[in-house]
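K.L.:
Quick one: the structure is below, and I'll ask about it shortly.
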Amino acid sequence: MILEYIKKELLAHRKKSDIIKIWYIKEYLQIFILEQIYENDTWKDLVFYWWTATRFLFWLNRLSEDLDFVGVNFEKFDLLWKYLVNFFKTQNILVNYKIQKFRIILNFKNFLSKFNLKYQNSKDLYIKIEISSNIQFCKNYDTKLYPIFKLNRSLIIKSFDKQTLFSTKINAVLYRKWQKETPSWRITVKWRDIYDLFWYLSNNFKPNIDCIDWINDIKILKNKLINIIENINFREVVLDIENFIEDKKLLNFFEKDWKNFLIEKIKEL
C-alpha cells in the first residue's frame, strides 16, 4: 500500500526536482511513523515539536527532515524501534536501524531505487527520530491535541501550543551553533532557522516569553533578534534552504525585501 501510494503521488510531482520528490517520499513515511506512535498507548504521550511539527500542524512551506519529540524520562527506545521496524516489515519495506543517544535512525535500505531516485549517490533513505527526555528550556507551556489530515491519512498528534512552538524556533535562532562547509563555501549558522523565523513572523505568531532561554523581557528579545537579522549573510541563507523550498520566488523576495520585512515584523511582537 505504501509503495503504491508513493508511486501514484510522484506522478503528480513528476516535473519537480529529484530532491523535492525525495522530501515528499520522506514526508509520507513520516506520516506512518507518527500514526504508529500516536495510536499506541505506550508512547502516545510524546510531544511532537520543532520544524516538522510546524509543517504538519500549521503548513510551514518548507520541507523538513526529522521527527522531534519531548518525552519526560523516556527510556523505551528499544521498544519503539522494534515496533516501527516490524510495522514496515508488514508493508514489505526493509528498515535497518541505529540507536544513538536520544535518537533512533531508521534506514530504509535501497528504498529510493524503487522510484529511480538517489540522494548524494545513495539509494537509501534515512529518517531520524529524536526524543528529548525533558523540557527544561520552558517554564510555562500548554500541550494540545491536533487533528491532522495529510497525504490521504488522518491522525491526532500531541504538540505544544503555537506560542511555545514559536519560542523553540527563537531559541534555535538565538543560540544554535552549526557549521557546514564545502570546497567553495562555508555556512556558519543554520540559516533555515532564519527562514522559519520569517515564516512564523509572516503568520503573526507571538512568542511564549517563558520558553526563551535567558530572556524575560520582550524588548530585549526584539533587540537581540534585530541585531541577528542586521548581520545576516543572504548567500548563506539561500545555500541552506534552497533544497527545502519548492517555490523559488520566495528566494527572490529575500534578495530584495526580506531584511526590512523581518525587522518590521519583529518590532510588532
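A note on labels: chains of the C-alpha cells are A, B, ... as shown, every chain counts residues from 1, and ligands are counted from 1 in their shown order.
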When you look at range 9-17 of chain A with a cut-off of 9 Å (counting only C-alpha atoms), what residues show up, excluding the ones that are within fewer than 4 positions of it in the same chain? I need them as an NGL selection string.

P.N.:
:A and (4-5 or 21-22 or 24-25 or 115 or 151 or 246)

K.L.:
Apply DSSP to the backbone of this structure and, from range 1-159 of chain A, keep only the residues in alpha helix (DSSP H); write these as a PyMOL selection string.

P.N.:
chain A and resi 2-12+18-38+50-58+77-90

K.L.:
Pick from A:Phe149, A:Phe166, A:Tyr126, A:Phe87: nearest to Phe56 in chain A, with only C-alpha atoms counted?

P.N.:
A:Phe149

K.L.:
With DSSP run on the backbone, what are the strand (DSSP E) residues within range 54-183 of chain A? I'd like them as an MDAnalysis selection string.

P.N.:
chainID A and resid 67:70 95:100 103:108 125:132 143:150 153:160 180:181

K.L.:
Enter the distance from CA of Val85 in chain A to CA of Asn134 in chain A, in Å, rounded to one decimal.

P.N.:
25.6 Å

K.L.:
Neighbouring residues of Tyr83 in chain A were defined as those with any atom within 12 Å, considering only C-alpha atoms; residues of the same chain fewer than 5 positions away were excluded. Please report them as an MDAnalysis selection string.

P.N.:
chainID A and resid 33 36:37 40 42:43 76:78 88:90 95 97 106

K.L.:
With C-alpha atoms retained, could you export that selection as a PDB file, in the first residue's frame?

P.N.:
ATOM      1  CA  ILE A  33       5.640   6.738  11.832  1.00  0.00           C
ATOM      2  CA  GLN A  36       2.161   4.259  14.747  1.00  0.00           C
ATOM      3  CA  ILE A  37       3.321   6.423  17.650  1.00  0.00           C
ATOM      4  CA  ASN A  40      -0.213   3.193  20.619  1.00  0.00           C
ATOM      5  CA  THR A  42       2.981   3.090  25.050  1.00  0.00           C
ATOM      6  CA  TRP A  43       4.186   6.371  23.520  1.00  0.00           C
ATOM      7  CA  LYS A  76      11.671   2.931  25.594  1.00  0.00           C
ATOM      8  CA  PHE A  77      13.919   3.397  22.563  1.00  0.00           C
ATOM      9  CA  ASP A  78      14.370  -0.354  22.055  1.00  0.00           C
ATOM     10  CA  PHE A  88       7.236  -1.516   7.948  1.00  0.00           C
ATOM     11  CA  LYS A  89       8.019  -5.204   7.574  1.00  0.00           C
ATOM     12  CA  THR A  90       4.271  -5.837   7.311  1.00  0.00           C
ATOM     13  CA  VAL A  95      14.232  -0.959   7.539  1.00  0.00           C
ATOM     14  CA  TYR A  97      18.144   0.963  12.476  1.00  0.00           C
ATOM     15  CA  LEU A 106      15.784   4.404  10.529  1.00  0.00           C
TER      16      LEU A 106
END

K.L.:
Rank nothing, just name the residue among A:Tyr28, A:Trp23, A:Tyr146, A:Phe261 nearest to Leu201 in chain A, using only C-alpha atoms.

P.N.:
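Result for the nearest residue to Leu201 in chain A: A:Phe261.
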
K.L.:
Could you jot down the CA of Asn171 in chain A to CA of Tyr141 in chain A separation for me, Å, one decimal place?

P.N.:
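Going from CA of Asn171 in chain A over to CA of Tyr141 in chain A, I get 14.9 Å.
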
K.L.:
What is the distance between CA of Ile31 in chain A and CA of Gln120 in chain A, in Å to one decimal?

P.N.:
23.8 Å
